[in-house]
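Right, one structure below, let's go through it.
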Amino acid sequence: MKAKSIAKPEIAAEEQLSGFIDKFDPQNAVLIRAVRGALRKRLPTAHELVYDNYNFFVIGYCATERPSDCIVSIAAAANGVGLSFYYGATLPDPFRLLSGSGNQNRFLRIESVAILARPEVEELIAAAVAQSEAPLPVKGPAKLIIRSVSEKQRPRRRSK
């Protein structure tokens with residue numbers, strides 16, 4: 001089913017985002033929020049583009065409001081949280097941290113927010129920022145933009 005763009009003006013974007021995250025198991029919700037906090041601190045001027053799609057919940061960190069200018073994303077499903085690099089196939093990865101075999105995207109599974117502080121992960125993020133065609137804004141407020149929400153979604157919690 002095609003995702004619809006439903007940014008409800010009467011509901012603040014932060015409130016909508018919180019509701020999307022609340023769909024997850026508590027440990028994944030805590031992890032998503034912690035990773036988001038760490039990425040906000042690391043990329044303070046990046047725009048957050050949010051997709052609550054069929055397979056995944058995604059928060060993309062982008063230099064502009066265009067999805068193709070995405071640098072890194074949080075991607076979450078019932079089975080866990082990952083850090084997705086939109087152009088990861090072209091990133092230097094000397095420690096072989098990235099998974100995936102597609103033409104473009106690569107990802108790193110996140111078990112703890114502490115992974116983001118590892119020097120080799122910080123190097124991956126820095127390389128992704130450096131290779132971005134659109135530079136991150138030097139200053140100014142970042143925007144939180146709810147891009148799309150699918151009416152039908154896979155469960156966000158593990159079945160018991």
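Labels for the structure tokens follow display order: chains A, B, ..., residues from 1 in each chain, ligands from 1.
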Using only C-alpha atoms, determine which residues lie at most 10 Å from stretch 118-120 of chain A, disregarding the query and same-chain residues fewer than 2 positions distant; provide the list as a ChimeraX atom specification. /A:93-97,113-116,122-126
Using only C-alpha atoms, which residues sit within 9 Å of A:Gly82 once same-chain residues fewer than 2 positions away are excluded, as a PyMOL selection string? chain A and resi 73-77+80+84+107-111
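The shortest atom-to-atom distance to A:Asn55, with only C-alpha atoms taken into account, belongs to A:Val149 out of A:Val72, A:Leu136, A:Val149, A:Val129.
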The residue from A:Ile21, A:Arg157, A:Leu39, A:Gly140 with the smallest atom-to-atom distance to A:Gly60, counting only C-alpha atoms, is A:Leu39
Stretch 16-157 of chain A: residues DSSP assigns to strand (DSSP E or B), reported as a VMD selection string: chain A and resid 47 to 52 57 to 62 70 to 77 80 to 85 99 106 to 110 144 to 149
Please report, as a PDB file with N, CA, C and O atoms, in the first residue's frame, each residue of stretch 5-152 of chain A to which DSSP assigns helix (DSSP H, G or I) when run on this structure's backbone.
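selection_24.pdb, written as the output of this step:
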ATOM      1  N   ALA A  13       4.722  18.144  15.382  1.00  0.00           N
ATOM      2  CA  ALA A  13       5.584  17.090  14.833  1.00  0.00           C
ATOM      3  C   ALA A  13       6.247  16.275  15.942  1.00  0.00           C
ATOM      4  O   ALA A  13       6.338  15.054  15.840  1.00  0.00           O
ATOM      5  N   GLU A  14       6.699  16.932  17.005  1.00  0.00           N
ATOM      6  CA  GLU A  14       7.338  16.201  18.110  1.00  0.00           C
ATOM      7  C   GLU A  14       6.361  15.228  18.762  1.00  0.00           C
ATOM      8  O   GLU A  14       6.733  14.124  19.140  1.00  0.00           O
ATOM      9  N   GLU A  15       5.111  15.645  18.876  1.00  0.00           N
ATOM     10  CA  GLU A  15       4.087  14.791  19.468  1.00  0.00           C
ATOM     11  C   GLU A  15       3.823  13.580  18.567  1.00  0.00           C
ATOM     12  O   GLU A  15       3.689  12.455  19.047  1.00  0.00           O
ATOM     13  N   GLN A  16       3.736  13.820  17.261  1.00  0.00           N
ATOM     14  CA  GLN A  16       3.553  12.713  16.315  1.00  0.00           C
ATOM     15  C   GLN A  16       4.732  11.755  16.404  1.00  0.00           C
ATOM     16  O   GLN A  16       4.548  10.538  16.461  1.00  0.00           O
ATOM     17  N   LEU A  17       5.941  12.302  16.416  1.00  0.00           N
ATOM     18  CA  LEU A  17       7.148  11.477  16.485  1.00  0.00           C
ATOM     19  C   LEU A  17       7.139  10.622  17.744  1.00  0.00           C
ATOM     20  O   LEU A  17       7.439   9.423  17.699  1.00  0.00           O
ATOM     21  N   SER A  18       6.781  11.213  18.856  1.00  0.00           N
ATOM     22  CA  SER A  18       6.715  10.469  20.109  1.00  0.00           C
ATOM     23  C   SER A  18       5.731   9.307  20.010  1.00  0.00           C
ATOM     24  O   SER A  18       6.005   8.199  20.483  1.00  0.00           O
ATOM     25  N   GLY A  19       4.603   9.548  19.362  1.00  0.00           N
ATOM     26  CA  GLY A  19       3.622   8.484  19.177  1.00  0.00           C
ATOM     27  C   GLY A  19       4.146   7.349  18.309  1.00  0.00           C
ATOM     28  O   GLY A  19       3.876   6.175  18.574  1.00  0.00           O
ATOM     29  N   PHE A  20       4.908   7.684  17.286  1.00  0.00           N
ATOM     30  CA  PHE A  20       5.496   6.648  16.425  1.00  0.00           C
ATOM     31  C   PHE A  20       6.462   5.781  17.226  1.00  0.00           C
ATOM     32  O   PHE A  20       6.456   4.551  17.117  1.00  0.00           O
ATOM     33  N   ILE A  21       7.294   6.422  18.048  1.00  0.00           N
ATOM     34  CA  ILE A  21       8.295   5.698  18.838  1.00  0.00           C
ATOM     35  C   ILE A  21       7.622   4.853  19.912  1.00  0.00           C
ATOM     36  O   ILE A  21       8.070   3.740  20.208  1.00  0.00           O
ATOM     37  N   ASP A  22       6.519   5.342  20.477  1.00  0.00           N
ATOM     38  CA  ASP A  22       5.803   4.608  21.526  1.00  0.00           C
ATOM     39  C   ASP A  22       5.230   3.278  21.035  1.00  0.00           C
ATOM     40  O   ASP A  22       4.871   2.434  21.854  1.00  0.00           O
ATOM     41  N   PRO A  26       9.398  -1.280  24.853  1.00  0.00           N
ATOM     42  CA  PRO A  26      10.052  -0.233  25.649  1.00  0.00           C
ATOM     43  C   PRO A  26      11.563  -0.133  25.440  1.00  0.00           C
ATOM     44  O   PRO A  26      12.089   0.966  25.333  1.00  0.00           O
ATOM     45  N   GLN A  27      12.273  -1.266  25.354  1.00  0.00           N
ATOM     46  CA  GLN A  27      13.736  -1.183  25.200  1.00  0.00           C
ATOM     47  C   GLN A  27      14.118  -0.595  23.847  1.00  0.00           C
ATOM     48  O   GLN A  27      15.075   0.172  23.750  1.00  0.00           O
ATOM     49  N   ASN A  28      13.368  -0.892  22.791  1.00  0.00           N
ATOM     50  CA  ASN A  28      13.658  -0.291  21.492  1.00  0.00           C
ATOM     51  C   ASN A  28      13.281   1.191  21.479  1.00  0.00           C
ATOM     52  O   ASN A  28      13.979   2.002  20.878  1.00  0.00           O
ATOM     53  N   ALA A  29      12.192   1.551  22.146  1.00  0.00           N
ATOM     54  CA  ALA A  29      11.786   2.963  22.213  1.00  0.00           C
ATOM     55  C   ALA A  29      12.855   3.789  22.925  1.00  0.00           C
ATOM     56  O   ALA A  29      13.218   4.883  22.469  1.00  0.00           O
ATOM     57  N   VAL A  30      13.374   3.264  24.023  1.00  0.00           N
ATOM     58  CA  VAL A  30      14.441   3.956  24.761  1.00  0.00           C
ATOM     59  C   VAL A  30      15.676   4.099  23.869  1.00  0.00           C
ATOM     60  O   VAL A  30      16.292   5.171  23.815  1.00  0.00           O
ATOM     61  N   LEU A  31      16.019   3.045  23.147  1.00  0.00           N
ATOM     62  CA  LEU A  31      17.191   3.077  22.276  1.00  0.00           C
ATOM     63  C   LEU A  31      17.003   4.077  21.131  1.00  0.00           C
ATOM     64  O   LEU A  31      17.907   4.850  20.818  1.00  0.00           O
ATOM     65  N   ILE A  32      15.840   4.083  20.513  1.00  0.00           N
ATOM     66  CA  ILE A  32      15.569   5.035  19.426  1.00  0.00           C
ATOM     67  C   ILE A  32      15.734   6.464  19.932  1.00  0.00           C
ATOM     68  O   ILE A  32      16.381   7.292  19.287  1.00  0.00           O
ATOM     69  N   ARG A  33      15.163   6.750  21.094  1.00  0.00           N
ATOM     70  CA  ARG A  33      15.263   8.106  21.645  1.00  0.00           C
ATOM     71  C   ARG A  33      16.712   8.466  21.983  1.00  0.00           C
ATOM     72  O   ARG A  33      17.155   9.603  21.759  1.00  0.00           O
ATOM     73  N   ALA A  34      17.472   7.514  22.517  1.00  0.00           N
ATOM     74  CA  ALA A  34      18.873   7.773  22.863  1.00  0.00           C
ATOM     75  C   ALA A  34      19.712   8.008  21.606  1.00  0.00           C
ATOM     76  O   ALA A  34      20.542   8.929  21.571  1.00  0.00           O
ATOM     77  N   VAL A  35      19.496   7.203  20.577  1.00  0.00           N
ATOM     78  CA  VAL A  35      20.241   7.378  19.325  1.00  0.00           C
ATOM     79  C   VAL A  35      19.858   8.709  18.693  1.00  0.00           C
ATOM     80  O   VAL A  35      20.718   9.448  18.193  1.00  0.00           O
ATOM     81  N   ARG A  36      18.580   9.044  18.732  1.00  0.00           N
ATOM     82  CA  ARG A  36      18.141  10.335  18.187  1.00  0.00           C
ATOM     83  C   ARG A  36      18.844  11.480  18.926  1.00  0.00           C
ATOM     84  O   ARG A  36      19.338  12.427  18.309  1.00  0.00           O
ATOM     85  N   GLY A  37      18.896  11.410  20.240  1.00  0.00           N
ATOM     86  CA  GLY A  37      19.568  12.446  21.021  1.00  0.00           C
ATOM     87  C   GLY A  37      21.042  12.584  20.651  1.00  0.00           C
ATOM     88  O   GLY A  37      21.556  13.697  20.504  1.00  0.00           O
ATOM     89  N   ALA A  38      21.708  11.449  20.483  1.00  0.00           N
ATOM     90  CA  ALA A  38      23.129  11.475  20.119  1.00  0.00           C
ATOM     91  C   ALA A  38      23.332  12.056  18.724  1.00  0.00           C
ATOM     92  O   ALA A  38      24.261  12.839  18.493  1.00  0.00           O
ATOM     93  N   LEU A  39      22.454  11.705  17.774  1.00  0.00           N
ATOM     94  CA  LEU A  39      22.586  12.241  16.423  1.00  0.00           C
ATOM     95  C   LEU A  39      22.213  13.720  16.367  1.00  0.00           C
ATOM     96  O   LEU A  39      22.814  14.482  15.601  1.00  0.00           O
ATOM     97  N   ARG A  40      21.248  14.150  17.164  1.00  0.00           N
ATOM     98  CA  ARG A  40      20.905  15.576  17.215  1.00  0.00           C
ATOM     99  C   ARG A  40      22.110  16.373  17.711  1.00  0.00           C
ATOM    100  O   ARG A  40      22.387  17.456  17.234  1.00  0.00           O
ATOM    101  N   LYS A  41      22.803  15.801  18.710  1.00  0.00           N
ATOM    102  CA  LYS A  41      23.987  16.473  19.246  1.00  0.00           C
ATOM    103  C   LYS A  41      25.113  16.488  18.206  1.00  0.00           C
ATOM    104  O   LYS A  41      25.802  17.490  18.044  1.00  0.00           O
ATOM    105  N   ARG A  42      25.284  15.382  17.487  1.00  0.00           N
ATOM    106  CA  ARG A  42      26.364  15.261  16.485  1.00  0.00           C
ATOM    107  C   ARG A  42      26.068  16.061  15.223  1.00  0.00           C
ATOM    108  O   ARG A  42      26.971  16.594  14.605  1.00  0.00           O
ATOM    109  N   PRO A  67      15.004  14.080   0.566  1.00  0.00           N
ATOM    110  CA  PRO A  67      15.456  12.765   1.032  1.00  0.00           C
ATOM    111  C   PRO A  67      16.779  12.311   0.395  1.00  0.00           C
ATOM    112  O   PRO A  67      17.560  11.618   1.029  1.00  0.00           O
ATOM    113  N   SER A  68      17.043  12.728  -0.833  1.00  0.00           N
ATOM    114  CA  SER A  68      18.287  12.320  -1.493  1.00  0.00           C
ATOM    115  C   SER A  68      19.515  12.976  -0.855  1.00  0.00           C
ATOM    116  O   SER A  68      20.639  12.566  -1.130  1.00  0.00           O
ATOM    117  N   ASP A  69      19.322  13.965   0.009  1.00  0.00           N
ATOM    118  CA  ASP A  69      20.430  14.594   0.720  1.00  0.00           C
ATOM    119  C   ASP A  69      20.607  14.010   2.120  1.00  0.00           C
ATOM    120  O   ASP A  69      21.238  14.615   2.986  1.00  0.00           O
ATOM    121  N   GLY A  88      26.062   4.515   1.799  1.00  0.00           N
ATOM    122  CA  GLY A  88      27.052   3.715   2.514  1.00  0.00           C
ATOM    123  C   GLY A  88      27.945   2.863   1.649  1.00  0.00           C
ATOM    124  O   GLY A  88      29.067   2.535   2.037  1.00  0.00           O
ATOM    125  N   ALA A  89      27.492   2.499   0.456  1.00  0.00           N
ATOM    126  CA  ALA A  89      28.306   1.657  -0.425  1.00  0.00           C
ATOM    127  C   ALA A  89      29.589   2.367  -0.851  1.00  0.00           C
ATOM    128  O   ALA A  89      30.570   1.706  -1.208  1.00  0.00           O
ATOM    129  N   THR A  90      29.604   3.686  -0.787  1.00  0.00           N
ATOM    130  CA  THR A  90      30.788   4.439  -1.201  1.00  0.00           C
ATOM    131  C   THR A  90      31.609   4.940  -0.011  1.00  0.00           C
ATOM    132  O   THR A  90      32.609   5.633  -0.208  1.00  0.00           O
ATOM    133  N   VAL A 113      23.380   2.805  22.537  1.00  0.00           N
ATOM    134  CA  VAL A 113      23.775   4.123  22.049  1.00  0.00           C
ATOM    135  C   VAL A 113      25.285   4.325  22.175  1.00  0.00           C
ATOM    136  O   VAL A 113      25.874   5.117  21.441  1.00  0.00           O
ATOM    137  N   ALA A 114      25.931   3.574  23.057  1.00  0.00           N
ATOM    138  CA  ALA A 114      27.377   3.691  23.246  1.00  0.00           C
ATOM    139  C   ALA A 114      28.152   3.377  21.965  1.00  0.00           C
ATOM    140  O   ALA A 114      29.272   3.864  21.783  1.00  0.00           O
ATOM    141  N   ILE A 115      27.560   2.596  21.082  1.00  0.00           N
ATOM    142  CA  ILE A 115      28.218   2.261  19.811  1.00  0.00           C
ATOM    143  C   ILE A 115      28.542   3.533  19.022  1.00  0.00           C
ATOM    144  O   ILE A 115      29.561   3.608  18.342  1.00  0.00           O
ATOM    145  N   LEU A 116      27.680   4.545  19.127  1.00  0.00           N
ATOM    146  CA  LEU A 116      27.899   5.779  18.376  1.00  0.00           C
ATOM    147  C   LEU A 116      29.142   6.528  18.825  1.00  0.00           C
ATOM    148  O   LEU A 116      29.683   7.339  18.067  1.00  0.00           O
ATOM    149  N   ALA A 117      29.617   6.291  20.031  1.00  0.00           N
ATOM    150  CA  ALA A 117      30.799   6.971  20.543  1.00  0.00           C
ATOM    151  C   ALA A 117      32.095   6.259  20.160  1.00  0.00           C
ATOM    152  O   ALA A 117      33.182   6.810  20.386  1.00  0.00           O
ATOM    153  N   PRO A 119      35.212   5.311  18.109  1.00  0.00           N
ATOM    154  CA  PRO A 119      35.921   6.112  17.103  1.00  0.00           C
ATOM    155  C   PRO A 119      35.665   5.664  15.663  1.00  0.00           C
ATOM    156  O   PRO A 119      35.506   6.498  14.774  1.00  0.00           O
ATOM    157  N   GLU A 120      35.588   4.367  15.434  1.00  0.00           N
ATOM    158  CA  GLU A 120      35.376   3.891  14.065  1.00  0.00           C
ATOM    159  C   GLU A 120      33.972   4.216  13.551  1.00  0.00           C
ATOM    160  O   GLU A 120      33.777   4.429  12.350  1.00  0.00           O
ATOM    161  N   VAL A 121      32.987   4.300  14.461  1.00  0.00           N
ATOM    162  CA  VAL A 121      31.633   4.699  14.062  1.00  0.00           C
ATOM    163  C   VAL A 121      31.595   6.209  13.839  1.00  0.00           C
ATOM    164  O   VAL A 121      30.981   6.684  12.878  1.00  0.00           O
ATOM    165  N   GLU A 122      32.262   6.956  14.700  1.00  0.00           N
ATOM    166  CA  GLU A 122      32.358   8.404  14.496  1.00  0.00           C
ATOM    167  C   GLU A 122      33.027   8.714  13.160  1.00  0.00           C
ATOM    168  O   GLU A 122      32.627   9.644  12.460  1.00  0.00           O
ATOM    169  N   GLU A 123      34.039   7.919  12.774  1.00  0.00           N
ATOM    170  CA  GLU A 123      34.702   8.100  11.473  1.00  0.00           C
ATOM    171  C   GLU A 123      33.724   7.854  10.323  1.00  0.00           C
ATOM    172  O   GLU A 123      33.761   8.573   9.319  1.00  0.00           O
ATOM    173  N   LEU A 124      32.872   6.838  10.447  1.00  0.00           N
ATOM    174  CA  LEU A 124      31.873   6.565   9.403  1.00  0.00           C
ATOM    175  C   LEU A 124      30.912   7.744   9.252  1.00  0.00           C
ATOM    176  O   LEU A 124      30.608   8.163   8.128  1.00  0.00           O
ATOM    177  N   ILE A 125      30.444   8.269  10.365  1.00  0.00           N
ATOM    178  CA  ILE A 125      29.520   9.409  10.316  1.00  0.00           C
ATOM    179  C   ILE A 125      30.221  10.625   9.710  1.00  0.00           C
ATOM    180  O   ILE A 125      29.656  11.307   8.845  1.00  0.00           O
ATOM    181  N   ALA A 126      31.454  10.882  10.128  1.00  0.00           N
ATOM    182  CA  ALA A 126      32.211  12.013   9.576  1.00  0.00           C
ATOM    183  C   ALA A 126      32.422  11.844   8.074  1.00  0.00           C
ATOM    184  O   ALA A 126      32.305  12.809   7.310  1.00  0.00           O
ATOM    185  N   ALA A 127      32.719  10.623   7.631  1.00  0.00           N
ATOM    186  CA  ALA A 127      32.909  10.365   6.197  1.00  0.00           C
ATOM    187  C   ALA A 127      31.603  10.579   5.432  1.00  0.00           C
ATOM    188  O   ALA A 127      31.607  11.113   4.323  1.00  0.00           O
ATOM    189  N   ALA A 128      30.480  10.180   6.032  1.00  0.00           N
ATOM    190  CA  ALA A 128      29.178  10.378   5.385  1.00  0.00           C
ATOM    191  C   ALA A 128      28.863  11.866   5.259  1.00  0.00           C
ATOM    192  O   ALA A 128      28.356  12.315   4.229  1.00  0.00           O
ATOM    193  N   VAL A 129      29.182  12.637   6.286  1.00  0.00           N
ATOM    194  CA  VAL A 129      28.973  14.086   6.232  1.00  0.00           C
ATOM    195  C   VAL A 129      29.868  14.698   5.154  1.00  0.00           C
ATOM    196  O   VAL A 129      29.424  15.508   4.343  1.00  0.00           O
ATOM    197  N   ALA A 130      31.122  14.264   5.121  1.00  0.00           N
ATOM    198  CA  ALA A 130      32.083  14.825   4.163  1.00  0.00           C
ATOM    199  C   ALA A 130      31.714  14.515   2.717  1.00  0.00           C
ATOM    200  O   ALA A 130      31.946  15.336   1.825  1.00  0.00           O
ATOM    201  N   GLN A 131      31.147  13.347   2.456  1.00  0.00           N
ATOM    202  CA  GLN A 131      30.828  12.988   1.068  1.00  0.00           C
ATOM    203  C   GLN A 131      29.470  13.512   0.616  1.00  0.00           C
ATOM    204  O   GLN A 131      29.131  13.420  -0.557  1.00  0.00           O
TER     205      GLN A 131
END
Choose the residue, out of A:Ile145, A:Ala78, A:Val138, A:Leu98, that has the smallest atom-to-atom separation from A:Tyr61; count only C-alpha atoms.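 Checking each of A:Ile145, A:Ala78, A:Val138, A:Leu98 against A:Tyr61, counting only C-alpha atoms, the winner is A:Ile145.
Rounded to one decimal, atom CA of A:Phe56 and atom CA of A:Arg147 lie 13.4 Å from each other.
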Correct to one decimal, the distance atom CA of A:Asn79-atom CA of A:Lys152 is 17.9 Å
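When atom CA of A:Val81 is paired with atom CA of A:Leu49, their separation reads 16.7 Å.
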Taking only C-alpha atoms into account, which of A:Phe24, A:Leu144, A:Leu91, A:Arg156 comes nearest A:Pro44?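 For A:Pro44, the nearest of the candidates is A:Leu144.
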